[in-house]
Amino acid sequence: MSEEKDTFKEKVWKLANRLHYLLSSSNKRKLLAIKNKHKGEKCFIIGNGPSLTIEDLNKIKNEQVMVANSIIRIFSDLSYIPPYYFSQDPIVIKDNYTSIENQKGCTKFIRSFYSKRYQFSNSTYFNLIDSSIDFSNDISKKIYCGWSVTYSMIQFAAYMGFTEIYLLGVDFNYAKNNTEINTDCYFDKRLFNKNVKYALPKTAITLAAFSKAKEYAEKNGVKIYNATRGGKLEVFNRVDFDNLKFK
């Protein structure tokens, strides 16, 4: 699988971002502190696909839940604040800056950027690598991108010791044969901003990354299940969300 080579400007941007992480020693300490924090537990990793519902999210309010990106805009519609929030795409971060900065009650993990326009108070930063596809066993050093924040969350979940990981709302199905992101890609139209030019999906890269996650999980005693209703992701074994038992 080939990827486009970075321009000189892009290489400088990535180097600056990595230097920001390396020079911020407190971030590494925070990430080391969560290693095996949830050893032996289960978690739910939430995608924002159209199959998801508010009712689904409220059913798991007593579970360990990881969410990402623009879903932070509708936290007020939930009966709880999801404990873990993630974002790594600079376009999405910029679009949700105010919501991310003002949100209280959750632990926020944000990709490390040198530019202050992407930095927040009370957040923990991680070093994102997009030059190769692999699975990180030490997120205090790096996270592999996989062109999906869901993949980053899976790496976090494994590092934090979760042994059962359930994907929900990860439809893996985009508009116009996976070449466009529009309002139909989300379970709530408020998550889509028509004035933003989102990065296009690269499903082949993400699929390869998910396969890496499955390989890692099988070797390390971690179970990853797809509890999404429908969708096109078939890498992980499917389970019926409505038949799961919740706390």
# chains A, B, ... in the order shown; residues from 1 in each chain; ligands from 1
$ residues_around --residues "Ser115 of chain A" --least-positions-apart "3" --cutoff "10 Å" --atoms "only C-alpha atoms" --output "number ranges by chain"
A: 13, 16-17, 20, 112, 118-119
$ residues_around --residues "Glu41 of chain A" --least-positions-apart "4" --cutoff "7 Å" --atoms "only C-alpha atoms" --output "PyMOL selection string"
chain A and resi 162-164
$ residues_around --residues "Gly169 of chain A" --least-positions-apart "6" --cutoff "6 Å" --atoms "only C-alpha atoms" --output "short mmCIF file (atom, residue, chain, number, x, y, z; two decimals) with C-alpha atoms, in the first residue's frame"
data_model
loop_
_atom_site.label_atom_id
_atom_site.label_comp_id
_atom_site.auth_asym_id
_atom_site.auth_seq_id
_atom_site.Cartn_x
_atom_site.Cartn_y
_atom_site.Cartn_z
CA ILE A 46 -17.86 5.26 19.86
CA GLY A 47 -17.88 6.20 16.20
CA ASN A 48 -20.20 8.94 15.01
CA GLY A 49 -21.79 6.93 12.21
CA SER A 51 -26.33 3.79 12.98
CA LEU A 52 -25.67 5.28 16.42
CA THR A 228 -22.30 -1.48 15.34
#
$ residues_around --residues "Tyr151 of chain A" --least-positions-apart "3" --cutoff "8 Å" --atoms "only C-alpha atoms" --output "PDB file with C-alpha atoms, in the first residue's frame"
ATOM      1  CA  TYR A 144      -0.081   5.208  14.844  1.00  0.00           C
ATOM      2  CA  CYS A 145      -2.656   7.151  12.863  1.00  0.00           C
ATOM      3  CA  GLY A 146      -4.378   4.620  10.615  1.00  0.00           C
ATOM      4  CA  TRP A 147      -6.277   7.599   9.183  1.00  0.00           C
ATOM      5  CA  SER A 148      -8.895   7.197  11.907  1.00  0.00           C
ATOM      6  CA  ILE A 154      -8.196   1.231  20.181  1.00  0.00           C
ATOM      7  CA  GLN A 155      -4.469   1.654  20.883  1.00  0.00           C
ATOM      8  CA  THR A 206      -7.831   2.330   7.899  1.00  0.00           C
ATOM      9  CA  ALA A 209      -4.797  -0.530  10.508  1.00  0.00           C
ATOM     10  CA  PHE A 210      -7.835  -2.331  11.915  1.00  0.00           C
ATOM     11  CA  ALA A 213      -5.352  -4.058  15.756  1.00  0.00           C
TER      12      ALA A 213
END
$ select_by_dssp --residues "segment 96-191 of chain A" --states "strand (DSSP E or B)" --output "count of residues only"
18
$ closest_residue --among "A:Lys202, A:Lys247, A:Lys197, A:Lys9" --to "Tyr174 of chain A" --atoms "only C-alpha atoms"
A:Lys202
$ closest_residue --among "A:Lys28, A:Lys223, A:Arg238, A:Lys189" --to "Pro50 of chain A" --atoms "only C-alpha atoms"
A:Lys189
$ residues_around --residues "Ser79 of chain A" --least-positions-apart "5" --cutoff "12 Å" --atoms "only C-alpha atoms" --output "compact mmCIF listing (two decimals) with N, CA, C and O atoms, in the first residue's frame"
# COMPACT_ATOMS: atom_id res chain seq x y z
N ILE A 54 -28.76 8.38 20.33
CA ILE A 54 -28.59 8.92 21.68
C ILE A 54 -28.98 7.86 22.71
O ILE A 54 -28.35 7.73 23.77
N GLU A 55 -30.02 7.09 22.42
CA GLU A 55 -30.46 6.04 23.33
C GLU A 55 -29.37 5.01 23.56
O GLU A 55 -29.18 4.53 24.69
N ASP A 56 -28.64 4.66 22.49
CA ASP A 56 -27.51 3.73 22.64
C ASP A 56 -26.49 4.29 23.62
O ASP A 56 -26.00 3.58 24.51
N LEU A 57 -26.15 5.54 23.45
CA LEU A 57 -25.15 6.17 24.31
C LEU A 57 -25.60 6.21 25.77
O LEU A 57 -24.79 6.01 26.68
N ASN A 58 -26.87 6.46 25.99
CA ASN A 58 -27.37 6.51 27.36
C ASN A 58 -27.42 5.14 28.02
O ASN A 58 -27.34 5.02 29.24
N LYS A 59 -27.53 4.08 27.23
CA LYS A 59 -27.53 2.73 27.77
C LYS A 59 -26.19 2.38 28.42
O LYS A 59 -26.14 1.55 29.33
N ILE A 60 -25.13 2.99 27.94
CA ILE A 60 -23.79 2.64 28.43
C ILE A 60 -23.22 3.72 29.36
O ILE A 60 -22.01 3.84 29.52
N LYS A 61 -24.10 4.48 29.98
CA LYS A 61 -23.65 5.60 30.80
C LYS A 61 -22.81 5.16 32.01
O LYS A 61 -22.04 5.97 32.55
N ASN A 62 -22.95 3.92 32.44
CA ASN A 62 -22.17 3.44 33.58
C ASN A 62 -20.94 2.65 33.17
O ASN A 62 -20.23 2.10 34.01
N ILE A 74 -22.73 17.69 21.44
CA ILE A 74 -24.06 17.27 21.92
C ILE A 74 -24.00 16.54 23.26
O ILE A 74 -24.91 15.80 23.61
$ atom_distance --atom1 "atom CA of Ile139 of chain A" --atom2 "atom CA of Lys35 of chain A"
8.9 Å
$ atom_distance --atom1 "atom CA of Val12 of chain A" --atom2 "atom CA of Lys141 of chain A"
19.6 Å
$ residues_around --residues "Ser121 of chain A" --least-positions-apart "6" --cutoff "10 Å" --atoms "only C-alpha atoms" --output "count of residues only"
4
$ residues_around --residues "Cys106 of chain A" --least-positions-apart "2" --cutoff "10 Å" --atoms "only C-alpha atoms" --output "PyMOL selection string"
chain A and resi 66+81-85+103-104+108-109+122-123
$ write_last_selection --atoms "N, CA and C atoms" --output "PDB file, in the first residue's frame"
ATOM      1  N   MET A  66     -15.324   5.809  25.338  1.00  0.00           N
ATOM      2  CA  MET A  66     -14.403   6.693  24.623  1.00  0.00           C
ATOM      3  C   MET A  66     -15.133   7.281  23.417  1.00  0.00           C
ATOM      4  N   ILE A  81     -21.515  12.533  31.143  1.00  0.00           N
ATOM      5  CA  ILE A  81     -20.372  12.996  30.361  1.00  0.00           C
ATOM      6  C   ILE A  81     -19.458  11.799  30.110  1.00  0.00           C
ATOM      7  N   PRO A  82     -19.254  11.397  28.870  1.00  0.00           N
ATOM      8  CA  PRO A  82     -18.338  10.282  28.605  1.00  0.00           C
ATOM      9  C   PRO A  82     -16.966  10.551  29.217  1.00  0.00           C
ATOM     10  N   PRO A  83     -16.367   9.565  29.853  1.00  0.00           N
ATOM     11  CA  PRO A  83     -15.117   9.804  30.595  1.00  0.00           C
ATOM     12  C   PRO A  83     -13.902  10.142  29.745  1.00  0.00           C
ATOM     13  N   TYR A  84     -13.885   9.682  28.484  1.00  0.00           N
ATOM     14  CA  TYR A  84     -12.699   9.903  27.654  1.00  0.00           C
ATOM     15  C   TYR A  84     -13.080  10.499  26.309  1.00  0.00           C
ATOM     16  N   TYR A  85     -12.387  11.582  25.955  1.00  0.00           N
ATOM     17  CA  TYR A  85     -12.626  12.268  24.688  1.00  0.00           C
ATOM     18  C   TYR A  85     -11.313  12.368  23.904  1.00  0.00           C
ATOM     19  N   GLN A 103     -15.312  22.164  27.776  1.00  0.00           N
ATOM     20  CA  GLN A 103     -15.905  20.955  28.328  1.00  0.00           C
ATOM     21  C   GLN A 103     -15.188  20.500  29.602  1.00  0.00           C
ATOM     22  N   LYS A 104     -15.976  20.257  30.626  1.00  0.00           N
ATOM     23  CA  LYS A 104     -15.450  19.769  31.895  1.00  0.00           C
ATOM     24  C   LYS A 104     -15.952  18.344  32.131  1.00  0.00           C
ATOM     25  N   LYS A 108      -9.409  14.558  28.340  1.00  0.00           N
ATOM     26  CA  LYS A 108      -9.280  14.876  26.923  1.00  0.00           C
ATOM     27  C   LYS A 108      -7.883  14.532  26.421  1.00  0.00           C
ATOM     28  N   PHE A 109      -7.834  13.706  25.383  1.00  0.00           N
ATOM     29  CA  PHE A 109      -6.584  13.335  24.741  1.00  0.00           C
ATOM     30  C   PHE A 109      -6.556  13.959  23.348  1.00  0.00           C
ATOM     31  N   ASN A 122      -5.981  21.775  30.463  1.00  0.00           N
ATOM     32  CA  ASN A 122      -6.497  20.525  31.041  1.00  0.00           C
ATOM     33  C   ASN A 122      -6.674  19.416  30.000  1.00  0.00           C
ATOM     34  N   SER A 123      -5.691  19.264  29.124  1.00  0.00           N
ATOM     35  CA  SER A 123      -5.717  18.186  28.138  1.00  0.00           C
ATOM     36  C   SER A 123      -4.374  17.463  28.144  1.00  0.00           C
TER      37      SER A 123
END
$ closest_residue --among "A:Leu15, A:Ala227, A:Cys185, A:Ala68" --to "Ser152 of chain A" --atoms "only C-alpha atoms"
A:Ala68
$ select_by_dssp --residues "segment 29-60 of chain A" --states "alpha helix (DSSP H)" --output "list in words"
Arg29, Lys30, Leu31, Leu32, Ala33, Ile54, Glu55, Asp56, Leu57, Asn58 and Lys59 of chain A
$ write_last_selection --atoms "N, CA, C and O atoms" --output "JSON list (two decimals), in the first residue's frame"
[["chain", "number", "residue", "atom", "x", "y", "z"],
["A", 29, "ARG", "N", 4.37, 11.80, 31.23],
["A", 29, "ARG", "CA", 4.08, 11.32, 32.59],
["A", 29, "ARG", "C", 2.61, 10.98, 32.73],
["A", 29, "ARG", "O", 2.25, 9.97, 33.36],
["A", 30, "LYS", "N", 1.75, 11.80, 32.15],
["A", 30, "LYS", "CA", 0.30, 11.54, 32.22],
["A", 30, "LYS", "C", -0.06, 10.25, 31.50],
["A", 30, "LYS", "O", -0.90, 9.48, 31.97],
["A", 31, "LEU", "N", 0.56, 10.02, 30.35],
["A", 31, "LEU", "CA", 0.26, 8.82, 29.59],
["A", 31, "LEU", "C", 0.80, 7.56, 30.28],
["A", 31, "LEU", "O", 0.15, 6.51, 30.29],
["A", 32, "LEU", "N", 1.98, 7.67, 30.86],
["A", 32, "LEU", "CA", 2.52, 6.53, 31.61],
["A", 32, "LEU", "C", 1.64, 6.19, 32.80],
["A", 32, "LEU", "O", 1.51, 5.02, 33.17],
["A", 33, "ALA", "N", 1.00, 7.19, 33.38],
["A", 33, "ALA", "CA", 0.17, 6.99, 34.57],
["A", 33, "ALA", "C", -1.11, 6.20, 34.28],
["A", 33, "ALA", "O", -1.70, 5.63, 35.20],
["A", 54, "ILE", "N", -28.76, 8.38, 20.33],
["A", 54, "ILE", "CA", -28.59, 8.92, 21.68],
["A", 54, "ILE", "C", -28.98, 7.86, 22.71],
["A", 54, "ILE", "O", -28.35, 7.73, 23.77],
["A", 55, "GLU", "N", -30.02, 7.09, 22.42],
["A", 55, "GLU", "CA", -30.46, 6.04, 23.33],
["A", 55, "GLU", "C", -29.37, 5.01, 23.56],
["A", 55, "GLU", "O", -29.18, 4.53, 24.69],
["A", 56, "ASP", "N", -28.64, 4.66, 22.49],
["A", 56, "ASP", "CA", -27.51, 3.73, 22.64],
["A", 56, "ASP", "C", -26.49, 4.29, 23.62],
["A", 56, "ASP", "O", -26.00, 3.58, 24.51],
["A", 57, "LEU", "N", -26.15, 5.54, 23.45],
["A", 57, "LEU", "CA", -25.15, 6.17, 24.31],
["A", 57, "LEU", "C", -25.60, 6.21, 25.77],
["A", 57, "LEU", "O", -24.79, 6.01, 26.68],
["A", 58, "ASN", "N", -26.87, 6.46, 25.99],
["A", 58, "ASN", "CA", -27.37, 6.51, 27.36],
["A", 58, "ASN", "C", -27.42, 5.14, 28.02],
["A", 58, "ASN", "O", -27.34, 5.02, 29.24],
["A", 59, "LYS", "N", -27.53, 4.08, 27.23],
["A", 59, "LYS", "CA", -27.53, 2.73, 27.77],
["A", 59, "LYS", "C", -26.19, 2.38, 28.42],
["A", 59, "LYS", "O", -26.14, 1.55, 29.33]]
$ closest_residue --among "A:Asn36, A:Asn69, A:Ser211, A:Gln88" --to "Phe113 of chain A" --atoms "only C-alpha atoms"
A:Gln88
$ closest_residue --among "A:Leu191, A:Val65, A:Val149, A:Ile34" --to "Asp95 of chain A" --atoms "only C-alpha atoms"
A:Leu191
$ atom_distance --atom1 "atom CA of Met160 of chain A" --atom2 "atom CA of Lys37 of chain A"
5.2 Å
$ closest_residue --among "A:Ile72, A:Val67, A:Asn27, A:Ile129" --to "Lys11 of chain A" --atoms "only C-alpha atoms"
A:Ile129
$ decode --residues "segment 126-154 of chain A" --atoms "N, CA, C and O atoms" --output "mmCIF file, in the first residue's frame"
data_model
loop_
_atom_site.group_PDB
_atom_site.id
_atom_site.type_symbol
_atom_site.label_atom_id
_atom_site.label_comp_id
_atom_site.auth_asym_id
_atom_site.auth_seq_id
_atom_site.Cartn_x
_atom_site.Cartn_y
_atom_site.Cartn_z
ATOM 1 N N PHE A 126 -0.802 13.506 22.714
ATOM 2 C CA PHE A 126 -0.104 12.299 22.283
ATOM 3 C C PHE A 126 0.591 12.551 20.948
ATOM 4 O O PHE A 126 0.188 13.412 20.165
ATOM 5 N N ASN A 127 1.625 11.774 20.708
ATOM 6 C CA ASN A 127 2.466 11.915 19.520
ATOM 7 C C ASN A 127 1.925 10.993 18.423
ATOM 8 O O ASN A 127 2.006 9.771 18.530
ATOM 9 N N LEU A 128 1.383 11.573 17.358
ATOM 10 C CA LEU A 128 0.752 10.799 16.294
ATOM 11 C C LEU A 128 1.719 10.585 15.132
ATOM 12 O O LEU A 128 2.325 11.536 14.630
ATOM 13 N N ILE A 129 1.828 9.330 14.693
ATOM 14 C CA ILE A 129 2.700 8.951 13.585
ATOM 15 C C ILE A 129 1.830 8.488 12.418
ATOM 16 O O ILE A 129 1.006 7.577 12.575
ATOM 17 N N ASP A 130 2.005 9.105 11.253
ATOM 18 C CA ASP A 130 1.200 8.687 10.101
ATOM 19 C C ASP A 130 2.046 8.218 8.927
ATOM 20 O O ASP A 130 1.564 8.068 7.805
ATOM 21 N N SER A 131 3.323 7.957 9.185
ATOM 22 C CA SER A 131 4.225 7.549 8.112
ATOM 23 C C SER A 131 4.223 6.039 7.898
ATOM 24 O O SER A 131 4.801 5.540 6.925
ATOM 25 N N SER A 132 3.594 5.288 8.794
ATOM 26 C CA SER A 132 3.534 3.836 8.660
ATOM 27 C C SER A 132 2.305 3.313 9.389
ATOM 28 O O SER A 132 1.684 4.024 10.181
ATOM 29 N N ILE A 133 1.963 2.063 9.105
ATOM 30 C CA ILE A 133 0.827 1.427 9.760
ATOM 31 C C ILE A 133 1.347 0.379 10.729
ATOM 32 O O ILE A 133 1.975 -0.597 10.332
ATOM 33 N N ASP A 134 1.091 0.595 12.002
ATOM 34 C CA ASP A 134 1.510 -0.344 13.028
ATOM 35 C C ASP A 134 0.601 -0.157 14.232
ATOM 36 O O ASP A 134 -0.313 0.671 14.194
ATOM 37 N N PHE A 135 0.851 -0.922 15.295
ATOM 38 C CA PHE A 135 0.050 -0.817 16.511
ATOM 39 C C PHE A 135 0.982 -0.523 17.665
ATOM 40 O O PHE A 135 1.920 -1.274 17.925
ATOM 41 N N SER A 136 0.755 0.571 18.356
ATOM 42 C CA SER A 136 1.650 0.988 19.430
ATOM 43 C C SER A 136 1.350 0.227 20.719
ATOM 44 O O SER A 136 0.207 0.154 21.163
ATOM 45 N N ASN A 137 2.402 -0.310 21.324
ATOM 46 C CA ASN A 137 2.240 -0.927 22.640
ATOM 47 C C ASN A 137 2.707 0.007 23.747
ATOM 48 O O ASN A 137 2.734 -0.382 24.912
ATOM 49 N N ASP A 138 3.073 1.230 23.369
ATOM 50 C CA ASP A 138 3.472 2.235 24.354
ATOM 51 C C ASP A 138 3.051 3.606 23.840
ATOM 52 O O ASP A 138 3.798 4.274 23.129
ATOM 53 N N ILE A 139 1.861 4.038 24.218
ATOM 54 C CA ILE A 139 1.329 5.302 23.713
ATOM 55 C C ILE A 139 2.055 6.508 24.281
ATOM 56 O O ILE A 139 1.869 7.622 23.787
ATOM 57 N N SER A 140 2.895 6.311 25.298
ATOM 58 C CA SER A 140 3.674 7.431 25.818
ATOM 59 C C SER A 140 4.778 7.817 24.835
ATOM 60 O O SER A 140 5.360 8.894 24.941
ATOM 61 N N LYS A 141 5.057 6.934 23.883
ATOM 62 C CA LYS A 141 6.055 7.225 22.852
ATOM 63 C C LYS A 141 5.397 7.657 21.555
ATOM 64 O O LYS A 141 5.782 8.657 20.947
ATOM 65 N N LYS A 142 4.375 6.921 21.126
ATOM 66 C CA LYS A 142 3.729 7.242 19.852
ATOM 67 C C LYS A 142 2.431 6.477 19.691
ATOM 68 O O LYS A 142 2.213 5.435 20.319
ATOM 69 N N ILE A 143 1.588 7.033 18.846
ATOM 70 C CA ILE A 143 0.349 6.415 18.410
ATOM 71 C C ILE A 143 0.399 6.389 16.886
ATOM 72 O O ILE A 143 0.791 7.371 16.257
ATOM 73 N N TYR A 144 -0.024 5.287 16.301
ATOM 74 C CA TYR A 144 -0.081 5.208 14.844
ATOM 75 C C TYR A 144 -1.455 5.661 14.361
ATOM 76 O O TYR A 144 -2.483 5.286 14.916
ATOM 77 N N CYS A 145 -1.463 6.456 13.307
ATOM 78 C CA CYS A 145 -2.656 7.151 12.863
ATOM 79 C C CYS A 145 -3.736 6.227 12.288
ATOM 80 O O CYS A 145 -4.863 6.224 12.750
ATOM 81 N N GLY A 146 -3.392 5.468 11.258
ATOM 82 C CA GLY A 146 -4.378 4.620 10.615
ATOM 83 C C GLY A 146 -5.493 5.399 9.939
ATOM 84 O O GLY A 146 -6.523 4.838 9.573
ATOM 85 N N TRP A 147 -5.295 6.704 9.809
ATOM 86 C CA TRP A 147 -6.277 7.599 9.183
ATOM 87 C C TRP A 147 -7.644 7.511 9.856
ATOM 88 O O TRP A 147 -8.693 7.635 9.236
ATOM 89 N N SER A 148 -7.633 7.295 11.174
ATOM 90 C CA SER A 148 -8.895 7.197 11.907
ATOM 91 C C SER A 148 -8.640 7.382 13.391
ATOM 92 O O SER A 148 -7.798 6.702 13.979
ATOM 93 N N VAL A 149 -9.390 8.289 14.003
ATOM 94 C CA VAL A 149 -9.268 8.477 15.446
ATOM 95 C C VAL A 149 -9.742 7.229 16.181
ATOM 96 O O VAL A 149 -9.301 6.954 17.301
ATOM 97 N N THR A 150 -10.607 6.445 15.565
ATOM 98 C CA THR A 150 -11.043 5.189 16.173
ATOM 99 C C THR A 150 -9.852 4.263 16.395
ATOM 100 O O THR A 150 -9.752 3.589 17.430
ATOM 101 N N TYR A 151 -8.940 4.239 15.446
ATOM 102 C CA TYR A 151 -7.763 3.391 15.585
ATOM 103 C C TYR A 151 -6.888 3.865 16.742
ATOM 104 O O TYR A 151 -6.347 3.044 17.497
ATOM 105 N N SER A 152 -6.760 5.170 16.887
ATOM 106 C CA SER A 152 -6.005 5.707 18.027
ATOM 107 C C SER A 152 -6.656 5.301 19.341
ATOM 108 O O SER A 152 -5.968 4.919 20.298
ATOM 109 N N MET A 153 -7.976 5.348 19.395
ATOM 110 C CA MET A 153 -8.679 4.985 20.625
ATOM 111 C C MET A 153 -8.491 3.508 20.950
ATOM 112 O O MET A 153 -8.382 3.127 22.134
ATOM 113 N N ILE A 154 -8.434 2.651 19.935
ATOM 114 C CA ILE A 154 -8.196 1.231 20.181
ATOM 115 C C ILE A 154 -6.817 1.036 20.808
ATOM 116 O O ILE A 154 -6.647 0.252 21.757
#
